[in-house]
Structures are given as C-alpha cells and as structure tokens.
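Structure file my_file-v3.cif with mmCIF, C-alpha atoms and all ligand atoms:
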```
data_protein
#
loop_
_atom_site.label_atom_id
_atom_site.label_comp_id
_atom_site.auth_asym_id
_atom_site.auth_seq_id
_atom_site.Cartn_x
_atom_site.Cartn_y
_atom_site.Cartn_z
CA MET A 12 34.81 80.76 -64.45
CA SER A 13 31.57 80.94 -62.48
CA ARG A 14 30.32 84.10 -60.87
CA SER A 15 31.25 82.97 -57.37
CA ASP A 16 34.77 82.31 -58.71
CA THR A 17 34.99 85.92 -59.88
CA ILE A 18 34.02 87.11 -56.39
CA ARG A 19 36.63 84.84 -54.86
CA GLN A 20 39.23 86.10 -57.31
CA ALA A 21 38.48 89.75 -56.49
CA LYS A 22 38.55 89.15 -52.73
CA GLN A 23 41.77 87.18 -53.13
CA LYS A 24 43.36 90.21 -54.81
CA ILE A 25 42.34 92.47 -51.91
CA ALA A 26 43.66 89.90 -49.40
CA GLU A 27 46.98 89.79 -51.29
CA HIS A 28 47.22 93.59 -51.09
CA ARG A 29 46.64 93.43 -47.34
CA ALA A 30 49.12 90.60 -46.80
CA GLY A 31 51.67 92.52 -48.88
CA ALA A 32 51.20 95.73 -46.87
CA ILE A 33 51.40 93.94 -43.51
CA GLY A 34 54.37 91.84 -44.64
CA MET A 35 56.27 94.97 -45.63
CA TYR A 36 55.36 96.67 -42.35
CA GLU A 37 56.60 93.67 -40.32
CA ARG A 38 59.86 93.51 -42.29
CA HIS A 39 60.48 97.21 -41.73
CA VAL A 40 59.70 97.02 -37.99
CA ALA A 41 61.98 93.98 -37.59
CA GLU A 42 64.77 95.71 -39.48
CA VAL A 43 64.51 98.94 -37.48
CA SER A 44 64.08 97.15 -34.12
CA ALA A 45 67.26 95.16 -34.79
CA ARG A 46 69.14 98.37 -35.48
CA ILE A 47 67.51 100.53 -32.79
CA PRO A 48 66.63 98.49 -29.66
CA GLU A 49 64.68 101.43 -28.15
CA PHE A 50 62.36 101.34 -31.16
CA GLY A 51 61.36 97.72 -30.44
CA GLU A 52 60.74 98.60 -26.80
CA ILE A 53 58.47 101.50 -27.76
CA ASP A 54 56.53 99.23 -30.09
CA LYS A 55 55.74 96.90 -27.17
CA GLN A 56 54.80 99.85 -24.96
CA LEU A 57 52.50 101.12 -27.69
CA SER A 58 50.46 97.94 -27.77
CA ARG A 59 50.15 98.04 -23.96
CA THR A 60 49.05 101.69 -24.17
CA GLY A 61 46.51 100.73 -26.83
CA LEU A 62 44.94 98.33 -24.34
CA LYS A 63 44.95 101.03 -21.68
CA ILE A 64 43.11 103.38 -24.02
CA MET A 65 40.42 100.77 -24.54
CA ALA A 66 40.12 100.17 -20.79
CA ALA A 67 39.84 103.89 -20.11
CA ALA A 68 37.36 104.40 -22.96
CA ILE A 69 34.93 101.82 -21.57
CA GLY A 70 35.50 103.09 -18.02
CA ALA A 71 36.89 99.77 -16.82
CA PRO A 72 37.44 99.71 -13.02
CA ASP A 73 41.12 98.84 -13.45
CA ALA A 74 41.68 101.73 -15.88
CA GLU A 75 44.86 103.41 -14.70
CA ALA A 76 44.13 106.91 -15.95
CA GLY A 77 41.66 109.00 -17.92
CA VAL A 78 41.35 108.66 -21.69
CA ASP A 79 43.08 112.00 -22.35
CA ILE A 80 46.14 111.13 -20.28
CA VAL A 81 46.55 107.72 -21.94
CA HIS A 82 46.08 109.28 -25.36
CA ALA A 83 48.81 111.82 -24.61
CA GLU A 84 51.07 108.95 -23.52
CA TYR A 85 50.32 107.15 -26.78
CA ASP A 86 51.01 110.21 -28.94
CA ALA A 87 54.30 110.82 -27.14
CA LEU A 88 55.42 107.27 -27.90
CA VAL A 89 54.46 107.64 -31.58
CA ASP A 90 56.40 110.92 -31.75
CA ARG A 91 59.42 109.28 -30.16
CA LYS A 92 59.30 106.50 -32.78
CA ARG A 93 59.28 109.03 -35.59
CA GLN A 94 62.11 110.92 -33.95
CA LEU A 95 64.19 107.72 -33.71
CA LEU A 96 63.51 106.94 -37.36
CA ALA A 97 64.59 110.42 -38.42
CA GLU A 98 67.74 110.26 -36.26
CA HIS A 99 68.75 107.05 -38.02
CA GLY A 100 68.02 108.34 -41.51
CA TYR A 101 64.70 106.55 -42.15
CA PRO A 102 61.63 108.26 -43.66
CA ALA A 103 59.15 109.20 -40.92
CA ASP A 104 56.54 106.76 -42.29
CA TYR A 105 58.98 103.89 -42.76
CA CYS A 106 57.24 101.77 -40.14
CA ASP A 107 53.65 102.70 -40.98
CA ILE A 108 51.42 100.15 -42.69
CA LYS A 109 51.00 101.36 -46.25
CA TYR A 110 47.76 99.90 -47.48
CA PHE A 111 47.10 99.69 -51.19
CA CYS A 112 43.67 101.19 -50.38
CA PRO A 113 43.84 103.41 -47.29
CA LYS A 114 40.05 103.86 -47.37
CA CYS A 115 39.37 100.29 -46.28
CA SER A 116 42.83 99.20 -45.07
CA ASP A 117 42.67 96.51 -47.76
CA THR A 118 39.71 94.75 -46.21
CA GLY A 119 37.38 95.51 -49.13
CA TYR A 120 34.78 97.06 -46.82
CA VAL A 121 34.21 100.42 -45.16
CA ASP A 122 31.93 99.63 -42.21
CA VAL A 123 29.38 97.34 -43.85
CA ASN A 124 29.68 98.87 -47.31
CA MET A 125 31.76 97.41 -50.09
CA CYS A 126 34.79 99.62 -50.77
CA GLU A 127 35.43 101.02 -54.24
CA CYS A 128 38.65 98.98 -54.49
CA LEU A 129 36.74 95.72 -54.14
CA ARG A 130 34.10 96.93 -56.59
CA LYS A 131 36.84 97.70 -59.09
CA GLU A 132 38.41 94.27 -58.64
CA LEU A 133 34.97 92.75 -59.08
CA VAL A 134 34.56 94.60 -62.37
CA VAL A 135 37.94 93.45 -63.61
CA ALA A 136 37.18 89.90 -62.54
CA ALA A 137 33.71 90.13 -64.07
CA LEU A 138 35.17 91.47 -67.31
CA GLU A 139 37.62 88.59 -67.40
CA ALA A 140 34.87 86.09 -66.70
CA SER A 141 32.36 87.51 -69.16
CA GLY A 142 34.77 87.58 -72.08
CA LEU A 143 34.47 91.35 -72.25
CA TYR A 144 37.98 91.53 -70.84
CA SER A 145 39.38 90.29 -74.15
CA LEU A 146 37.08 92.76 -75.95
CA VAL A 147 38.38 95.58 -73.80
CA GLU A 148 41.90 94.46 -74.70
CA THR A 149 41.31 94.45 -78.46
CA GLN A 150 38.42 96.85 -78.96
CA SER A 151 39.92 100.20 -78.07
CA PHE A 152 39.79 103.62 -79.72
CA LYS A 153 43.21 102.84 -81.19
CA THR A 154 41.92 99.75 -82.98
CA PHE A 155 38.72 101.45 -84.17
CA SER A 156 39.14 101.84 -87.93
CA LEU A 157 37.14 104.18 -90.15
CA ASP A 158 38.33 102.25 -93.21
CA TYR A 159 35.18 100.10 -93.07
CA TYR A 160 32.88 103.10 -93.47
CA GLU A 161 32.23 105.09 -96.63
CA LYS A 162 31.37 108.70 -97.52
CA ASP A 163 28.72 110.18 -95.16
CA ASP A 164 28.84 107.11 -92.96
CA LYS A 165 32.54 107.69 -92.40
CA ILE A 166 31.93 111.32 -91.37
CA ILE A 167 29.20 110.35 -88.93
CA MET A 168 31.18 107.46 -87.47
CA LYS A 169 34.20 109.72 -87.02
CA GLN A 170 32.03 112.23 -85.15
CA ASN A 171 30.65 109.40 -82.97
CA ALA A 172 34.14 108.14 -82.13
CA ILE A 173 35.40 111.63 -81.26
CA ARG A 174 32.34 112.36 -79.15
CA LEU A 175 32.78 109.12 -77.20
CA TRP A 176 36.51 109.59 -76.83
CA GLU A 177 35.85 113.00 -75.27
CA PHE A 178 33.11 111.53 -73.09
CA ALA A 179 35.45 108.80 -71.78
CA ASN A 180 38.41 111.08 -71.19
CA ASN A 181 36.42 113.81 -69.49
CA PHE A 182 34.19 111.40 -67.58
CA VAL A 183 33.14 112.56 -64.13
CA PRO A 184 30.90 110.16 -62.19
CA GLY A 185 27.49 111.71 -61.68
CA LYS A 186 28.19 114.54 -64.12
CA SER A 187 28.50 113.00 -67.57
CA ASP A 188 26.12 112.33 -70.46
CA SER A 189 24.15 109.24 -71.40
CA PHE A 190 23.99 107.82 -74.92
CA LEU A 191 21.71 105.73 -77.07
CA PHE A 192 23.64 103.85 -79.77
CA ILE A 193 21.29 103.04 -82.64
CA GLY A 194 22.28 100.90 -85.59
CA ALA A 195 22.33 97.43 -87.12
CA THR A 196 24.61 94.62 -85.99
CA GLY A 197 28.31 94.92 -86.79
CA LEU A 198 28.60 98.70 -87.03
CA GLY A 199 30.89 99.18 -84.03
CA LYS A 200 28.46 99.72 -81.14
CA THR A 201 30.12 97.05 -79.00
CA HIS A 202 33.59 98.13 -80.13
CA LEU A 203 33.10 101.75 -79.04
CA SER A 204 31.30 100.67 -75.84
CA SER A 205 34.31 98.52 -74.93
CA ALA A 206 36.66 101.36 -75.83
CA VAL A 207 34.79 103.68 -73.46
CA ALA A 208 34.64 100.98 -70.74
CA ARG A 209 38.38 100.43 -70.96
CA ILE A 210 39.24 104.10 -70.39
CA LEU A 211 36.79 104.42 -67.52
CA ILE A 212 37.98 101.26 -65.79
CA GLU A 213 41.55 102.49 -66.07
CA LYS A 214 40.46 105.74 -64.44
CA GLY A 215 38.99 103.70 -61.59
CA ALA A 216 35.32 104.18 -62.47
CA TYR A 217 32.85 101.45 -61.65
CA VAL A 218 31.57 100.18 -64.98
CA VAL A 219 28.99 97.49 -65.52
CA TYR A 220 28.53 96.06 -69.00
CA GLU A 221 25.70 93.58 -69.47
CA SER A 222 23.46 92.32 -72.22
CA SER A 223 19.81 93.17 -71.77
CA ILE A 224 19.00 89.45 -71.57
CA THR A 225 21.33 88.90 -68.59
CA LEU A 226 20.27 92.14 -66.95
CA PHE A 227 16.58 91.27 -66.96
CA GLY A 228 17.48 87.67 -66.06
CA ASP A 229 19.17 88.94 -62.90
CA PHE A 230 16.08 90.93 -61.94
CA GLU A 231 13.90 87.89 -62.55
CA ALA A 232 16.23 85.71 -60.50
CA LYS A 233 15.91 88.20 -57.67
CA ARG A 234 12.15 88.43 -58.03
CA PHE A 235 11.57 84.70 -58.00
CA GLY A 236 14.48 83.87 -55.75
CA ASN A 237 15.53 81.17 -58.18
CA ASN A 238 18.98 80.08 -59.36
CA GLY A 239 20.03 80.43 -55.72
CA TYR A 240 19.93 84.21 -56.09
CA ASN A 241 22.51 85.65 -53.81
CA SER A 242 23.78 89.21 -53.72
CA GLU A 243 27.29 87.90 -53.01
CA THR A 244 27.50 86.03 -56.29
CA GLY A 245 27.36 89.05 -58.52
CA GLU A 246 23.70 88.78 -59.45
CA ASP A 247 23.27 91.71 -57.15
CA VAL A 248 20.94 93.94 -59.16
CA ASP A 249 21.99 96.96 -57.12
CA ARG A 250 25.10 97.13 -59.28
CA TYR A 251 22.91 98.29 -62.17
CA THR A 252 22.04 101.42 -60.24
CA ASP A 253 25.26 101.76 -58.19
CA CYS A 254 27.77 101.78 -61.04
CA ASP A 255 29.21 105.00 -62.50
CA LEU A 256 28.53 103.85 -66.05
CA LEU A 257 26.05 101.17 -67.03
CA ILE A 258 26.28 99.79 -70.56
CA ILE A 259 23.22 97.82 -71.61
CA ASP A 260 24.08 95.83 -74.70
CA ASP A 261 21.52 94.75 -77.28
CA LEU A 262 18.38 96.29 -75.82
CA GLY A 263 15.49 94.70 -77.69
CA CYS A 264 16.91 91.17 -77.69
CA GLU A 265 15.12 90.33 -74.45
CA VAL A 266 11.59 88.99 -74.20
CA THR A 267 9.57 92.08 -73.39
CA ASN A 268 6.79 91.85 -70.79
CA ASN A 269 5.35 94.05 -68.05
CA PHE A 270 8.04 92.96 -65.64
CA THR A 271 10.96 93.81 -67.94
CA LEU A 272 9.28 97.11 -68.86
CA SER A 273 9.00 98.14 -65.24
CA CYS A 274 12.60 97.04 -64.54
CA LEU A 275 13.87 99.04 -67.48
CA TYR A 276 11.93 102.12 -66.46
CA ASN A 277 13.19 101.85 -62.88
CA ILE A 278 16.83 101.44 -63.90
CA ILE A 279 16.74 104.32 -66.38
CA ASN A 280 14.73 106.60 -64.15
CA THR A 281 16.82 105.91 -61.05
CA ARG A 282 20.04 106.51 -62.95
CA ILE A 283 18.72 109.75 -64.45
CA MET A 284 17.61 110.98 -61.00
CA MET A 285 21.09 110.16 -59.64
CA HIS A 286 22.72 111.89 -62.67
CA LYS A 287 24.49 108.65 -63.56
CA SER A 288 25.66 107.86 -67.08
CA THR A 289 24.20 105.03 -69.10
CA ILE A 290 24.90 103.75 -72.60
CA ILE A 291 22.22 101.72 -74.32
CA ASN A 292 23.04 99.76 -77.48
CA THR A 293 20.20 98.70 -79.70
CA ASN A 294 19.61 97.30 -83.17
CA LEU A 295 16.11 98.78 -83.09
CA SER A 296 15.26 102.04 -84.84
CA GLN A 297 13.62 104.89 -82.92
CA ASN A 298 10.25 103.84 -84.38
CA GLU A 299 10.78 100.23 -83.35
CA LEU A 300 11.77 101.37 -79.86
CA ARG A 301 8.56 103.41 -79.64
CA LYS A 302 6.49 100.37 -80.62
CA ARG A 303 8.21 98.06 -78.19
CA TYR A 304 8.59 100.18 -75.06
CA SER A 305 6.11 102.22 -73.07
CA ASP A 306 5.80 105.96 -73.66
CA ARG A 307 7.27 106.82 -70.28
CA ILE A 308 10.41 104.75 -71.02
CA ILE A 309 10.79 106.28 -74.47
CA SER A 310 10.29 109.81 -73.23
CA ARG A 311 12.95 109.25 -70.53
CA ILE A 312 15.44 107.80 -73.02
CA LEU A 313 14.84 110.25 -75.86
CA GLY A 314 14.63 113.16 -73.43
CA GLU A 315 17.86 112.44 -71.55
CA PHE A 316 20.09 110.33 -73.79
CA ILE A 317 22.14 111.63 -76.70
CA PRO A 318 21.29 109.48 -79.72
CA LEU A 319 24.24 108.36 -81.83
CA ASN A 320 23.47 106.71 -85.14
CA PHE A 321 25.82 103.96 -86.23
CA ARG A 322 25.91 103.75 -90.01
CA GLY A 323 27.49 101.62 -92.71
CA PHE A 324 27.81 97.98 -93.71
CA ASP A 325 28.47 95.17 -91.25
CA VAL A 326 32.14 95.55 -90.32
CA ARG A 327 32.44 91.95 -89.12
CA GLU A 328 31.20 90.71 -92.48
CA GLN A 329 33.63 92.97 -94.34
CA LYS A 330 36.51 91.68 -92.21
CA LEU A 331 35.50 88.08 -92.91
CA ARG A 332 35.33 88.74 -96.67
CA LYS A 333 38.81 90.29 -96.60
CA LYS A 334 40.31 87.11 -95.10
ZN ZN B 401 39.31 99.78 -50.44
#
```
Starting from the file, lay out its structure as structure tokens.
Ligand SMILES: [Zn+2]
Amino acid sequence: MSRSDTIRQAKQKIAEHRAGAIGMYERHVAEVSARIPEFGEIDKQLSRTGLKIMAAAIGAPDAEAGVDIVHAEYDALVDRKRQLLAEHGYPADYCDIKYFCPKCSDTGYVDVNMCECLRKELVVAALEASGLYSLVETQSFKTFSLDYYEKDDKIIMKQNAIRLWEFANNFVPGKSDSFLFIGATGLGKTHLSSAVARILIEKGAYVVYESSITLFGDFEAKRFGNNGYNSETGEDVDRYTDCDLLIIDDLGCEVTNNFTLSCLYNIINTRIMMHKSTIINTNLSQNELRKRYSDRIISRILGEFIPLNFRGFDVREQKLRKK
C-alpha cells in the first residue's frame, strides 16, 4: 500500500462515519415524520427559517425580519420538535445527527486544520501500511518475556518494562517524559516501543513511529522537492513535531551530515520546547552518540531524555535457536 493509499483509506473511514451518521439521522426523521405529520412539517419550516436567518444576517433587502426575531422563530420550532418527540416517547436527541466525531462533524477538518480523528485514522492506516501494525498486534507488554534475559539483565529489563508500562498508561500529551533506549540489536527496544505505541494509540494519542532513515529522507524530500513531495501524501514533516509521541527507531543508521544534524537538533529541540514526548532507539553507546552527533544535540538528549539501557543477548537469535 502506497502512502497516498493510506491517506485515501483514512479519509474513506471518516467519510463512512459521516455517511453512517447522516443515514441514521435520515432514517430517524423519516420514521418520526411518518408517525407524527406535524414533525415533518416543522422540519420543512426549519429549513425555510434557516434561509431567512442567512438573509437577515447578510442584511438582504428581502429579509423579512431582524436576525433576533428569526432566531427566536427557529428556536421555537426546535423546541416544538423536541416536545413532539418527548410526547411520543422518543429521546429528545432522537432526530439529531450524531457524528462519530462532533468536533469536525466527520469531515476530518476543523476550519482548515486536520481534525484529531483524521490524524488518528492516518496513524492507524500508516501503521498498517508500514508493517508496524502487525508489530503493534504482536509486540505488546503482554507478549514481552523476561525469560530471554539473565541475572542482572533480567532485573534491569524488568525495571525498563515497568517504567514504560507506567509511562504509557499515565501518558498525558505535553506532560510526559522522553526516553533514550540504548542497546544492541535484538534486546527488545522495538518490542517495547511498539507496546507503548499500542497503548497510546488506543488512548487516542497521535503517535508517529519512523526509522531515522525514513525520517531524514522525508526532510530531504521536502528540502529538495523531489519524489513529488506533497504534504498530503504523508511525507508531511510537520507530523514529526505535531505528534504527541514521536518514536525514532534506529538512530545512527542514517548517513550523518550537516543537514541531518540540523534536522535532528530542530526536531528534538522543538519537541522539548513544546514539552512533547519522544522515544529514541539506538544501537550506539553514549560514547558513540557523542562522537557522531554535535554537542548541542547530545546535551539536549542527555539533559532531557531518560536513558534506559537494554541488556542481554539477542532475543531474536535465541528464539531462532529454540526453533
Ligand atoms: Zn474529527
């Protein structure tokens, strides 16, 4: 699935919500109008009064009355509808449109800004597309096993898992910690990142999970305007600063140059200033990080992120050997 497909899929979901809400509204209105003829009449009057309100609001010459009078007329009709519903044993809101997302009336946008509901659908679609969706399904706290760790490693890994479980369950956007996961490949960094992502997504948080290679690739695509860079296709780099939790996987795998250094500093610094949580996974040690990244990046990360050391022997290898 391409990135534009994921956008289409997310927007399709929102459109289905809207169609569902309007469909239900129309069925309820038809049902009630058939039972209570006056109700159907009032509905027609209401749409006429709506037009009158618009005419009065723009001061049209054929406006029949002032805005206040027409508004009062409108409110009286709405009250009468509710009264009729109650008299016939219906809930007062039976004929209201019940949007899945009242914030945006299932349009996906509030004014010109993307609504949270569309962002969430985009994350789900992006997770599905990126393959992380299957990770999120299988790599949860429940499936995280300490059996692959020994002695001190087991104690430390247990502490890490508990710390992250608490972080995920108590997560408040703009008010939670940031972490630096340090450790060799196969020690559970991706597993615990996915476990955290899963809980946050279920809570409705906006989570972005990306490898450092893709992340810097997106910034380069924007900078050079290549690959048909288009904010609508998900390469929108704003998501790296907008999201509630950003997980950067495999920092250190990218080709480091002045451009990537300045991108990294900007992302980290912006997120720190906005009190937004970030998780960085890296196979590099603290010393290797110091050698590779500029002092100002390192001082931001080590100053603001909680370092968690991932210890042990490659879990993936152990699992393969067991088979
Ligand atoms: Zn919405």
Using all atoms listed in the file, find each residue of chain A with at least one atom at most 10 Å away from an atom of ligand ZN 401 (chain B); report its shortest atom-to-atom pair and that distance in Å (one decimal), sort the rows by chain and rising residue number, and return the result as CSV.
```
residue,atom,partner,partner_atom,distance
A:Ile25,CA,B:ZN401,ZN,8.0
A:Tyr110,CA,B:ZN401,ZN,9.0
A:Phe111,CA,B:ZN401,ZN,7.8
A:Cys112,CA,B:ZN401,ZN,4.6
A:Pro113,CA,B:ZN401,ZN,6.6
A:Lys114,CA,B:ZN401,ZN,5.2
A:Cys115,CA,B:ZN401,ZN,4.2
A:Ser116,CA,B:ZN401,ZN,6.4
A:Asp117,CA,B:ZN401,ZN,5.4
A:Thr118,CA,B:ZN401,ZN,6.6
A:Gly119,CA,B:ZN401,ZN,4.9
A:Tyr120,CA,B:ZN401,ZN,6.4
A:Val121,CA,B:ZN401,ZN,7.4
A:Met125,CA,B:ZN401,ZN,7.9
A:Cys126,CA,B:ZN401,ZN,4.5
A:Glu127,CA,B:ZN401,ZN,5.6
A:Cys128,CA,B:ZN401,ZN,4.2
A:Leu129,CA,B:ZN401,ZN,6.1
A:Arg130,CA,B:ZN401,ZN,8.5
A:Lys131,CA,B:ZN401,ZN,9.2
A:Glu132,CA,B:ZN401,ZN,9.9
```
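If only C-alpha atoms are the atoms counted, then among A:Thr252, A:Leu175, A:Arg91, A:Glu84 the closest residue to Met284 in chain A is A:Thr252.
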Students should find that CA of Arg303 in chain A and CA of Leu256 in chain A are spaced 24.4 Å
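Minimum atom-to-atom distances from A:Val40, A:Val248, A:Ala68, A:Ile259 to Lys233 in chain A were compared using only C-alpha atoms, and the lowest value belongs to A:Val248.
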One-decimal distance in Å that lies between CA of Phe324 in chain A and CA of Phe192 in chain A: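 According to the coordinates, CA of Phe192 in chain A and CA of Phe324 in chain A are separated by 15.7 Å.
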Go through A:Arg307, A:Arg29, A:Arg322, A:Arg19 one by one, measure the shortest atom-to-atom distance of each to Ser273 in chain A using all atoms listed in the file, and give the residue with the smallest value.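 Comparing A:Arg307, A:Arg29, A:Arg322, A:Arg19 against Ser273 in chain A, the winner is A:Arg307.
Interatomic distance, CA of Gly228 in chain A to CA of Ser288 in chain A: 21.8 Å.
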